[in-house]
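Structure file coords-v5.tsv with TSV, C-alpha atoms and all ligand atoms:
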```tsv
chain	number	residue	atom	x	y	z
A	17	MET	CA	12.99	-22.27	-24.36
A	18	THR	CA	15.01	-20.43	-21.73
A	19	ASP	CA	14.81	-21.40	-18.09
A	20	LYS	CA	13.55	-18.40	-16.13
A	21	THR	CA	14.78	-19.83	-12.86
A	22	GLU	CA	18.37	-20.18	-14.04
A	23	GLU	CA	20.80	-18.42	-11.72
A	24	ILE	CA	22.94	-16.02	-13.73
A	25	LEU	CA	24.86	-14.23	-10.98
A	26	LYS	CA	25.75	-15.09	-7.40
A	27	VAL	CA	27.63	-12.66	-5.18
A	28	GLU	CA	28.86	-13.86	-1.80
A	29	GLY	CA	30.49	-11.81	0.95
A	30	LEU	CA	31.83	-9.17	-1.42
A	31	GLY	CA	34.04	-6.47	0.07
A	32	LYS	CA	36.24	-3.72	-1.34
A	33	PHE	CA	38.42	-1.43	0.79
A	34	PHE	CA	40.30	1.75	0.01
A	35	GLY	CA	42.78	2.02	2.88
A	36	ASP	CA	40.71	1.79	6.07
A	37	ARG	CA	37.47	2.73	4.31
A	38	ALA	CA	35.13	-0.02	3.21
A	39	ALA	CA	33.58	1.10	-0.08
A	40	CYS	CA	31.35	-1.97	0.16
A	41	ARG	CA	31.33	-4.99	2.49
A	42	ASP	CA	29.43	-8.20	3.21
A	43	VAL	CA	27.39	-7.89	0.01
A	44	SER	CA	25.60	-11.10	-0.98
A	45	PHE	CA	22.77	-11.65	-3.45
A	46	SER	CA	21.81	-13.74	-6.42
A	47	LEU	CA	20.11	-12.90	-9.68
A	48	HIS	CA	18.12	-15.13	-12.03
A	49	ARG	CA	17.41	-14.98	-15.73
A	50	GLY	CA	14.78	-12.37	-16.54
A	51	GLU	CA	15.19	-10.61	-13.19
A	52	VAL	CA	16.11	-6.95	-12.68
A	53	LEU	CA	17.78	-5.85	-9.46
A	54	GLY	CA	17.89	-2.13	-8.66
A	55	ILE	CA	20.63	-0.88	-6.33
A	56	VAL	CA	19.80	2.42	-4.65
A	57	GLY	CA	21.48	4.53	-2.00
A	58	GLU	CA	22.92	7.98	-1.45
A	59	SER	CA	26.14	9.22	-3.00
A	60	GLY	CA	29.15	7.34	-1.57
A	61	SER	CA	27.13	4.33	-0.40
A	62	GLY	CA	29.21	1.95	-2.53
A	63	LYS	CA	26.92	1.34	-5.53
A	64	SER	CA	29.47	2.08	-8.25
A	65	THR	CA	32.25	0.18	-6.49
A	66	LEU	CA	30.00	-2.87	-6.26
A	67	LEU	CA	29.05	-2.59	-9.95
A	68	LYS	CA	32.73	-2.31	-10.96
A	69	CYS	CA	33.51	-5.47	-8.97
A	70	LEU	CA	30.70	-7.25	-10.85
A	71	ALA	CA	31.84	-5.89	-14.22
A	72	GLY	CA	35.40	-7.20	-13.95
A	73	MET	CA	36.82	-3.68	-13.59
A	74	THR	CA	37.76	-3.60	-9.89
A	75	ARG	CA	39.12	-6.62	-8.04
A	76	PRO	CA	37.28	-7.08	-4.73
A	77	ASP	CA	39.29	-7.71	-1.55
A	78	GLN	CA	36.79	-10.23	-0.21
A	79	GLY	CA	34.14	-12.58	-1.51
A	80	THR	CA	33.21	-14.16	-4.82
A	81	VAL	CA	31.35	-13.16	-8.00
A	82	THR	CA	30.06	-16.29	-9.75
A	83	ILE	CA	28.65	-15.79	-13.25
A	84	ALA	CA	27.00	-18.17	-15.72
A	85	VAL	CA	29.20	-18.66	-18.78
A	86	PRO	CA	27.36	-19.84	-21.92
A	87	GLY	CA	28.21	-23.46	-22.64
A	88	GLN	CA	30.41	-23.84	-19.55
A	89	ALA	CA	30.10	-24.37	-15.81
A	90	ASP	CA	29.55	-21.23	-13.73
A	91	ARG	CA	32.79	-19.39	-13.02
A	92	ASP	CA	34.15	-17.07	-10.36
A	93	LEU	CA	34.99	-13.92	-12.30
A	94	TRP	CA	37.96	-13.12	-10.10
A	95	GLU	CA	39.47	-16.59	-10.12
A	96	MET	CA	40.08	-16.42	-13.86
A	97	ASP	CA	43.37	-15.03	-15.07
A	98	GLU	CA	43.13	-11.64	-16.76
A	99	ALA	CA	43.40	-12.96	-20.33
A	100	GLU	CA	40.57	-15.44	-19.82
A	101	ARG	CA	38.39	-12.83	-18.12
A	102	GLU	CA	38.94	-10.41	-21.02
A	103	GLN	CA	38.07	-13.15	-23.51
A	104	LEU	CA	34.93	-14.39	-21.74
A	105	LEU	CA	33.53	-11.06	-20.50
A	106	PRO	CA	31.65	-10.04	-23.70
A	107	SER	CA	29.66	-13.30	-23.71
A	108	MET	CA	29.00	-13.12	-19.96
A	109	LEU	CA	28.04	-9.52	-19.34
A	110	SER	CA	27.77	-6.04	-20.68
A	111	LEU	CA	28.21	-2.75	-18.82
A	112	ILE	CA	26.15	0.27	-19.83
A	113	HIS	CA	27.87	3.44	-18.60
A	114	GLN	CA	26.08	6.56	-17.41
A	115	ASN	CA	28.04	8.59	-19.94
A	116	ALA	CA	27.42	6.96	-23.33
A	117	ARG	CA	30.76	8.27	-24.58
A	118	ASP	CA	32.54	5.97	-22.08
A	119	GLY	CA	30.91	2.97	-23.74
A	120	LEU	CA	31.27	4.00	-27.40
A	121	ARG	CA	34.14	4.29	-29.88
A	122	LEU	CA	33.71	7.90	-30.94
A	123	GLY	CA	35.86	7.66	-34.07
A	124	VAL	CA	33.86	4.73	-35.44
A	125	SER	CA	30.49	4.86	-37.26
A	126	ALA	CA	27.26	3.82	-35.53
A	127	GLY	CA	27.24	0.57	-37.51
A	128	GLY	CA	30.89	-0.04	-36.62
A	129	ASN	CA	30.13	0.53	-32.94
A	130	ILE	CA	27.44	-2.15	-33.03
A	131	SER	CA	29.36	-4.72	-35.07
A	132	GLU	CA	32.73	-4.31	-33.35
A	133	PRO	CA	31.94	-6.61	-30.37
A	134	LEU	CA	30.87	-9.31	-32.86
A	135	MET	CA	34.12	-8.88	-34.81
A	136	THR	CA	36.06	-9.22	-31.55
A	137	GLY	CA	34.19	-12.51	-31.10
A	138	GLY	CA	35.44	-13.69	-34.51
A	139	GLN	CA	32.64	-12.73	-36.93
A	140	ARG	CA	34.05	-11.35	-40.18
A	141	HIS	CA	31.32	-11.44	-42.85
A	142	TYR	CA	30.76	-7.77	-43.75
A	143	GLY	CA	27.27	-8.26	-45.17
A	144	SER	CA	25.92	-10.09	-42.14
A	145	LEU	CA	27.60	-7.68	-39.71
A	146	ARG	CA	25.89	-4.78	-41.48
A	147	ASP	CA	22.55	-6.59	-41.39
A	148	VAL	CA	22.90	-7.16	-37.65
A	149	ALA	CA	23.84	-3.49	-37.14
A	150	LEU	CA	20.75	-2.39	-39.11
A	151	LYS	CA	18.56	-4.70	-37.03
A	152	TRP	CA	19.96	-3.31	-33.79
A	153	LEU	CA	19.55	0.30	-34.92
A	154	ARG	CA	15.87	-0.52	-35.42
A	155	ASN	CA	15.76	-2.32	-32.07
A	156	VAL	CA	16.93	0.80	-30.25
A	157	GLU	CA	14.80	3.10	-32.41
A	158	ILE	CA	17.57	4.90	-34.31
A	159	ASP	CA	16.94	5.74	-37.97
A	160	GLN	CA	18.74	3.06	-40.01
A	161	ALA	CA	19.88	5.77	-42.46
A	162	ARG	CA	22.28	6.95	-39.71
A	163	ILE	CA	24.34	3.71	-39.85
A	164	ASP	CA	27.43	5.39	-41.30
A	165	ASP	CA	27.28	8.48	-39.07
A	166	LEU	CA	29.68	9.05	-36.18
A	167	PRO	CA	28.29	9.00	-32.61
A	168	GLN	CA	29.31	12.68	-32.12
A	169	THR	CA	26.59	13.62	-34.58
A	170	PHE	CA	23.96	11.94	-32.36
A	171	SER	CA	21.95	13.51	-29.53
A	172	GLY	CA	22.65	12.39	-25.92
A	173	GLY	CA	19.62	10.07	-25.93
A	174	MET	CA	20.62	8.56	-29.29
A	175	GLN	CA	24.18	8.00	-28.06
A	176	GLN	CA	22.82	6.17	-25.03
A	177	ARG	CA	20.60	4.00	-27.26
A	178	LEU	CA	23.61	3.26	-29.49
A	179	GLN	CA	25.61	2.22	-26.42
A	180	ILE	CA	22.77	-0.12	-25.45
A	181	ALA	CA	22.77	-1.67	-28.95
A	182	ARG	CA	26.55	-2.17	-28.74
A	183	GLY	CA	26.15	-3.73	-25.30
A	184	LEU	CA	23.38	-6.14	-26.22
A	185	VAL	CA	24.44	-7.23	-29.71
A	186	THR	CA	26.47	-10.15	-28.31
A	187	HIS	CA	23.42	-11.32	-26.33
A	188	PRO	CA	25.11	-11.30	-22.91
A	189	GLN	CA	23.12	-13.02	-20.16
A	190	LEU	CA	23.79	-10.25	-17.68
A	191	VAL	CA	23.57	-6.49	-18.18
A	192	LEU	CA	24.97	-4.04	-15.65
A	193	MET	CA	23.75	-0.46	-15.89
A	194	ASP	CA	25.23	2.52	-14.07
A	195	GLU	CA	22.67	5.35	-13.91
A	196	PRO	CA	21.57	4.59	-17.49
A	197	THR	CA	19.26	7.61	-17.71
A	198	GLY	CA	21.39	10.03	-15.68
A	199	GLY	CA	22.18	13.38	-17.26
A	200	LEU	CA	19.37	13.16	-19.84
A	201	ASP	CA	16.31	15.41	-20.21
A	202	VAL	CA	13.18	14.10	-18.53
A	203	SER	CA	11.37	13.38	-21.83
A	204	VAL	CA	14.45	11.61	-23.22
A	205	GLN	CA	14.73	9.64	-19.96
A	206	ALA	CA	11.13	8.44	-20.25
A	207	LYS	CA	11.70	7.18	-23.80
A	208	LEU	CA	14.90	5.43	-22.79
A	209	LEU	CA	13.21	3.79	-19.80
A	210	ASP	CA	10.48	2.44	-22.08
A	211	LEU	CA	13.13	1.05	-24.40
A	212	LEU	CA	15.07	-0.59	-21.55
A	213	ARG	CA	11.92	-2.17	-20.18
A	214	ARG	CA	11.07	-3.60	-23.58
A	215	LEU	CA	14.60	-4.96	-24.21
A	216	VAL	CA	14.88	-6.51	-20.74
A	217	ARG	CA	11.62	-8.39	-21.36
A	218	GLU	CA	12.29	-9.26	-25.00
A	219	PHE	CA	15.72	-10.77	-24.29
A	220	ASN	CA	14.81	-12.13	-20.86
A	221	LEU	CA	17.85	-10.36	-19.42
A	222	ALA	CA	19.23	-10.55	-15.94
A	223	ALA	CA	20.09	-6.95	-15.10
A	224	VAL	CA	21.58	-4.90	-12.28
A	225	ILE	CA	20.74	-1.21	-12.36
A	226	VAL	CA	22.51	1.28	-10.14
A	227	THR	CA	20.53	4.46	-9.71
A	228	HIS	CA	19.90	7.19	-7.17
A	229	ASP	CA	16.54	7.81	-8.87
A	230	LEU	CA	13.84	5.82	-7.08
A	231	GLY	CA	11.42	6.46	-9.97
A	232	VAL	CA	13.82	4.72	-12.37
A	233	ALA	CA	14.35	1.95	-9.82
A	234	ARG	CA	10.61	1.39	-9.45
A	235	LEU	CA	9.94	1.36	-13.18
A	236	LEU	CA	12.67	-1.12	-14.10
A	237	SER	CA	13.35	-3.31	-11.07
A	238	ASP	CA	11.72	-6.46	-9.75
A	239	ARG	CA	13.81	-6.34	-6.58
A	240	LEU	CA	15.60	-3.51	-4.80
A	241	MET	CA	18.72	-3.49	-2.70
A	242	VAL	CA	19.31	-0.42	-0.54
A	243	MET	CA	22.90	0.44	0.36
A	244	GLN	CA	24.20	2.71	3.08
A	245	GLY	CA	27.84	3.16	4.09
A	246	GLY	CA	28.93	0.25	1.90
A	247	ARG	CA	26.48	-2.25	3.38
A	248	VAL	CA	23.18	-3.65	2.13
A	249	ILE	CA	20.65	-2.49	4.70
A	250	GLU	CA	17.40	-3.57	3.05
A	251	THR	CA	16.39	-5.80	0.19
A	252	GLY	CA	13.04	-7.00	-1.14
A	253	LEU	CA	10.50	-6.74	-3.93
A	254	ALA	CA	10.67	-3.22	-5.41
A	255	ASP	CA	7.05	-2.33	-4.64
A	256	ARG	CA	7.34	-3.60	-1.06
A	257	VAL	CA	10.57	-1.69	-0.36
A	258	LEU	CA	9.16	1.55	-1.77
A	259	GLU	CA	5.67	1.28	-0.28
A	260	ASP	CA	6.57	-0.26	3.06
A	261	PRO	CA	10.24	0.51	3.77
A	262	ARG	CA	11.38	-1.23	6.96
A	263	GLN	CA	14.67	0.52	7.69
A	264	ALA	CA	14.73	4.12	8.91
A	265	TYR	CA	17.27	5.04	6.22
A	266	THR	CA	15.06	3.63	3.45
A	267	GLN	CA	12.06	5.47	4.91
A	268	LEU	CA	14.08	8.69	4.75
A	269	LEU	CA	15.20	7.97	1.18
A	270	VAL	CA	11.62	7.29	0.05
A	271	SER	CA	10.06	10.23	1.91
A	272	SER	CA	12.73	12.68	0.67
A	273	VAL	CA	11.83	11.76	-2.91
A	274	LEU	CA	8.10	12.08	-2.29
A	275	GLN	CA	8.61	15.57	-0.85
A	276	VAL	CA	10.36	16.81	-4.04
B	301	LIG	N1	39.33	4.79	-6.23
B	301	LIG	C1	38.95	5.12	-4.99
B	301	LIG	N2	39.86	5.49	-4.07
B	301	LIG	C2	39.49	5.78	-2.80
B	301	LIG	N3	38.22	5.76	-2.35
B	301	LIG	C3	37.27	5.40	-3.22
B	301	LIG	C4	37.57	5.07	-4.58
B	301	LIG	N4	36.41	4.74	-5.22
B	301	LIG	C5	35.43	4.88	-4.29
B	301	LIG	N5	35.94	5.27	-3.11
B	301	LIG	C6	35.18	5.51	-1.87
B	301	LIG	O1	34.31	4.41	-1.66
B	301	LIG	C7	33.05	4.87	-1.17
B	301	LIG	C8	31.94	4.38	-2.11
B	301	LIG	O2	32.06	5.05	-3.34
B	301	LIG	P1	31.14	4.70	-4.61
B	301	LIG	O3	31.61	5.53	-5.75
B	301	LIG	O4	31.11	3.25	-4.78
B	301	LIG	O5	29.72	5.20	-4.11
B	301	LIG	P2	28.37	5.45	-4.94
B	301	LIG	O6	27.28	4.97	-4.08
B	301	LIG	O7	28.48	4.86	-6.29
B	301	LIG	O8	28.33	7.03	-5.06
B	301	LIG	P3	27.75	7.95	-6.27
B	301	LIG	O9	26.26	7.75	-6.29
B	301	LIG	O10	28.14	9.33	-5.87
B	301	LIG	O11	28.42	7.49	-7.54
B	301	LIG	C9	33.15	6.39	-1.07
B	301	LIG	O12	33.47	6.70	0.26
B	301	LIG	C10	34.28	6.74	-2.01
B	301	LIG	O13	34.95	7.90	-1.57
```
Once more with this new file: its structure as structure tokens, please.
Amino acid sequence: MTDKTEEILKVEGLGKFFGDRAACRDVSFSLHRGEVLGIVGESGSGKSTLLKCLAGMTRPDQGTVTIAVPGQADRDLWEMDEAEREQLLPSMLSLIHQNARDGLRLGVSAGGNISEPLMTGGQRHYGSLRDVALKWLRNVEIDQARIDDLPQTFSGGMQQRLQIARGLVTHPQLVLMDEPTGGLDVSVQAKLLDLLRRLVREFNLAAVIVTHDLGVARLLSDRLMVMQGGRVIETGLADRVLEDPRQAYTQLLVSSVLQV
């Protein structure tokens, strides 16, 4: 049985600067198994930069990112050398991009896209890889008959679901999502949100979701972190932050959405 209180991610004093500009600074939070943290804020507030620092894509200038590694002691992502980080990343975390095409291999079949991360991890048995791919197609509600089709032949919503299957097939403990429903039709968004909610619960995932959509944030997140000008200005339970925002900026953010 998994321990729901297990800390999966701890961020302390994180900062990233581009010249004189702080894209994010003094960011600290922790995340436990089964918990979903939504990060909201206007464009340019530092959400994507923070996510990239957590995903091993952008080296922060300050602070630490400590992640649980299966079967090992917790590790600071940025203290590892690059080769070790590359090797351990798939078992530690998965990044779901806003644009599914950034997270898929377009020249590889749907089944190949799902099984590739397992092959990178050393699995070679064709029959079992195909079985896992079929299972994951079902998990993300894609017709199993499409297993040999290329992602280009899929709709935007299907491509996003395929990216999610590829991201979760290695059972990472931490999932990072960058505007996972952005750019999709409203009805497709709703279906995808339902799917994400189900998968987060089913696999007891720790997840960080960056979104500018407070509706998405409310539906998926347990806790919310509001960013402005690179800093965290408010954090708390999602319902509390949205129903009783304490900072003027959060009040503005919430009221501007309600007016739409
Ligand atoms: N590679 C870069 N070079 C220079 N400045 C950058 C770079 N990446 C981000 N920034 C700056 O850092 C700040 C935060 O940007 P970031 O993309 O993290 O914000 P965001 O909240 O994700 O915005 P959006 O919602 O529009 O994606 C901005 O002022 C941006 O111009």
Residues within 9 Å of ligand LIG 301 (chain B), counting all atoms listed in the file, as a CSV table (one decimal) with C-alpha atoms, keeping the file's coordinate frame:
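In the end it all went to selection.csv:
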```
chain,number,residue,atom,x,y,z
A,32,LYS,CA,36.2,-3.7,-1.3
A,33,PHE,CA,38.4,-1.4,0.8
A,34,PHE,CA,40.3,1.8,0.0
A,35,GLY,CA,42.8,2.0,2.9
A,37,ARG,CA,37.5,2.7,4.3
A,38,ALA,CA,35.1,0.0,3.2
A,39,ALA,CA,33.6,1.1,-0.1
A,40,CYS,CA,31.4,-2.0,0.2
A,56,VAL,CA,19.8,2.4,-4.6
A,57,GLY,CA,21.5,4.5,-2.0
A,58,GLU,CA,22.9,8.0,-1.4
A,59,SER,CA,26.1,9.2,-3.0
A,60,GLY,CA,29.2,7.3,-1.6
A,61,SER,CA,27.1,4.3,-0.4
A,62,GLY,CA,29.2,2.0,-2.5
A,63,LYS,CA,26.9,1.3,-5.5
A,64,SER,CA,29.5,2.1,-8.2
A,65,THR,CA,32.2,0.2,-6.5
A,66,LEU,CA,30.0,-2.9,-6.3
A,67,LEU,CA,29.0,-2.6,-10.0
A,68,LYS,CA,32.7,-2.3,-11.0
A,194,ASP,CA,25.2,2.5,-14.1
A,195,GLU,CA,22.7,5.4,-13.9
A,226,VAL,CA,22.5,1.3,-10.1
A,227,THR,CA,20.5,4.5,-9.7
A,228,HIS,CA,19.9,7.2,-7.2
A,243,MET,CA,22.9,0.4,0.4
A,244,GLN,CA,24.2,2.7,3.1
A,245,GLY,CA,27.8,3.2,4.1
A,246,GLY,CA,28.9,0.2,1.9
```
- Message: Taking 5 positions as the minimum chain separation for residues in the same chain, which residues sit within 8 Å of stretch 103-120 of chain A when counting all atoms listed in the file? Answer as a ChimeraX atom specification.
- Response: /A:71-72,83-86,129,133,167,172,175-176,178-180,182-184,186-199
- Query: Between A:Gly29, A:Gly87, A:Gly79, A:Gly127, which is the closest to A:Ile163 once you count only C-alpha atoms?
  - Reply: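 Closest residue, counting only C-alpha atoms: A:Gly127.
Of note, atom CA of A:Thr82 and atom CA of A:Glu22 are spaced 13.0 Å apart.
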- So, counting only C-alpha atoms, which residue among A:Gly173, A:Glu157, A:Arg91, A:Leu215 is closest to A:Asp201?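 Checking each candidate against A:Asp201, we get A:Gly173 as the closest.
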- Item | Nearest to A:Asp255 by atom-to-atom distance, counting all atoms listed in the file, from A:Asp210, A:Asp90, A:Asp238, A:Glu28 | A:Asp238
- Query: In Å, how far is it from atom CA of A:Leu211 to atom CA of A:Gly143?
  - Reply: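 Pair atom CA of A:Leu211 / atom CA of A:Gly143 returns 26.8 Å.
Picture a line from atom CA of A:Met241 to atom CA of A:Gly54; it runs 6.2 Å.
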- Given all atoms listed in the file as the counted atoms, nearest of A:Asp260, A:Leu221, A:Leu235, A:Gln168 to A:Ala206: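 Comparing A:Asp260, A:Leu221, A:Leu235, A:Gln168 against A:Ala206, the winner is A:Leu235.
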Identify, on the basis of only C-alpha atoms, every residue whose closest approach to A:Glu250 does not exceed 10 Å; exclude the query and any residue fewer than 6 positions from it along the same chain; express the result as a short mmCIF file (atom, residue, chain, number, x, y, z; two decimals) with C-alpha atoms, in the frame of the given file.
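Below you can see out-v4.cif, which holds the result:
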```cif
data_model
loop_
_atom_site.label_atom_id
_atom_site.label_comp_id
_atom_site.auth_asym_id
_atom_site.auth_seq_id
_atom_site.Cartn_x
_atom_site.Cartn_y
_atom_site.Cartn_z
CA LEU A 240 15.60 -3.51 -4.80
CA MET A 241 18.72 -3.49 -2.70
CA VAL A 242 19.31 -0.42 -0.54
CA MET A 243 22.90 0.44 0.36
CA GLN A 244 24.20 2.71 3.08
CA VAL A 257 10.57 -1.69 -0.36
CA PRO A 261 10.24 0.51 3.77
CA ARG A 262 11.38 -1.23 6.96
CA GLN A 263 14.67 0.52 7.69
CA TYR A 265 17.27 5.04 6.22
CA THR A 266 15.06 3.63 3.45
#
```
- Query: Nearest to A:Leu166 among A:Met96, A:Gly31, A:Thr21, A:Leu122, with distances taken over all atoms listed in the file: which residue is it?
  - Reply: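 Smallest distance to A:Leu166 is found for A:Leu122.
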So that I can see what lies close to A:Ser131, please list as a PDB file with C-alpha atoms, in the frame of the given file the residues with an atom at most 8 Å from it, counting only C-alpha atoms and leaving out residues fewer than 4 positions away in the same chain.
```pdb
ATOM      1  CA  GLY A 127      27.240   0.570 -37.510  1.00  0.00           C
ATOM      2  CA  MET A 135      34.120  -8.880 -34.810  1.00  0.00           C
ATOM      3  CA  LEU A 145      27.600  -7.680 -39.710  1.00  0.00           C
ATOM      4  CA  ARG A 146      25.890  -4.780 -41.480  1.00  0.00           C
ATOM      5  CA  VAL A 148      22.900  -7.160 -37.650  1.00  0.00           C
ATOM      6  CA  ALA A 149      23.840  -3.490 -37.140  1.00  0.00           C
ATOM      7  CA  ARG A 182      26.550  -2.170 -28.740  1.00  0.00           C
ATOM      8  CA  VAL A 185      24.440  -7.230 -29.710  1.00  0.00           C
TER       9      VAL A 185
END
```
- Best match for closeness to A:Thr80 among A:Asp36, A:Arg101, A:Val27, A:Arg49, counting all atoms listed in the file: A:Val27
As a CSV table (one decimal), in the coordinates of the input, could you write out stretch 82-104 of chain A once it has been completed with N, CA and C atoms?
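Writing done, so here's part_32.csv:
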```csv
chain,number,residue,atom,x,y,z
A,82,THR,N,30.2,-15.1,-8.9
A,82,THR,CA,30.1,-16.3,-9.8
A,82,THR,C,29.1,-16.0,-10.8
A,83,ILE,N,29.5,-16.2,-12.1
A,83,ILE,CA,28.6,-15.8,-13.2
A,83,ILE,C,28.5,-17.0,-14.2
A,84,ALA,N,27.3,-17.1,-14.7
A,84,ALA,CA,27.0,-18.2,-15.7
A,84,ALA,C,27.8,-17.8,-17.0
A,85,VAL,N,28.5,-18.8,-17.5
A,85,VAL,CA,29.2,-18.7,-18.8
A,85,VAL,C,28.5,-19.6,-19.8
A,86,PRO,N,28.1,-19.0,-20.9
A,86,PRO,CA,27.4,-19.8,-21.9
A,86,PRO,C,28.2,-21.1,-22.3
A,87,GLY,N,27.6,-22.2,-22.2
A,87,GLY,CA,28.2,-23.5,-22.6
A,87,GLY,C,29.3,-24.0,-21.7
A,88,GLN,N,29.4,-23.4,-20.5
A,88,GLN,CA,30.4,-23.8,-19.6
A,88,GLN,C,29.8,-23.9,-18.2
A,89,ALA,N,30.5,-24.4,-17.2
A,89,ALA,CA,30.1,-24.4,-15.8
A,89,ALA,C,30.2,-22.9,-15.3
A,90,ASP,N,29.5,-22.6,-14.3
A,90,ASP,CA,29.6,-21.2,-13.7
A,90,ASP,C,31.0,-21.0,-13.3
A,91,ARG,N,31.4,-19.7,-13.4
A,91,ARG,CA,32.8,-19.4,-13.0
A,91,ARG,C,32.9,-18.2,-12.1
A,92,ASP,N,33.9,-18.2,-11.2
A,92,ASP,CA,34.2,-17.1,-10.4
A,92,ASP,C,35.0,-16.1,-11.2
A,93,LEU,N,34.4,-14.9,-11.4
A,93,LEU,CA,35.0,-13.9,-12.3
A,93,LEU,C,36.4,-13.6,-11.9
A,94,TRP,N,36.7,-13.6,-10.6
A,94,TRP,CA,38.0,-13.1,-10.1
A,94,TRP,C,38.9,-14.3,-9.9
A,95,GLU,N,38.5,-15.5,-10.2
A,95,GLU,CA,39.5,-16.6,-10.1
A,95,GLU,C,40.1,-16.8,-11.5
A,96,MET,N,39.5,-16.3,-12.5
A,96,MET,CA,40.1,-16.4,-13.9
A,96,MET,C,41.3,-15.6,-14.0
A,97,ASP,N,42.3,-16.0,-14.9
A,97,ASP,CA,43.4,-15.0,-15.1
A,97,ASP,C,42.9,-13.9,-16.0
A,98,GLU,N,43.6,-12.8,-16.1
A,98,GLU,CA,43.1,-11.6,-16.8
A,98,GLU,C,42.8,-11.9,-18.2
A,99,ALA,N,43.6,-12.7,-18.9
A,99,ALA,CA,43.4,-13.0,-20.3
A,99,ALA,C,42.1,-13.7,-20.5
A,100,GLU,N,41.8,-14.7,-19.7
A,100,GLU,CA,40.6,-15.4,-19.8
A,100,GLU,C,39.4,-14.6,-19.5
A,101,ARG,N,39.5,-13.7,-18.5
A,101,ARG,CA,38.4,-12.8,-18.1
A,101,ARG,C,38.1,-11.9,-19.3
A,102,GLU,N,39.1,-11.3,-19.9
A,102,GLU,CA,38.9,-10.4,-21.0
A,102,GLU,C,38.2,-11.1,-22.2
A,103,GLN,N,38.6,-12.4,-22.4
A,103,GLN,CA,38.1,-13.2,-23.5
A,103,GLN,C,36.6,-13.5,-23.3
A,104,LEU,N,36.3,-13.9,-22.0
A,104,LEU,CA,34.9,-14.4,-21.7
A,104,LEU,C,33.9,-13.3,-21.4
```
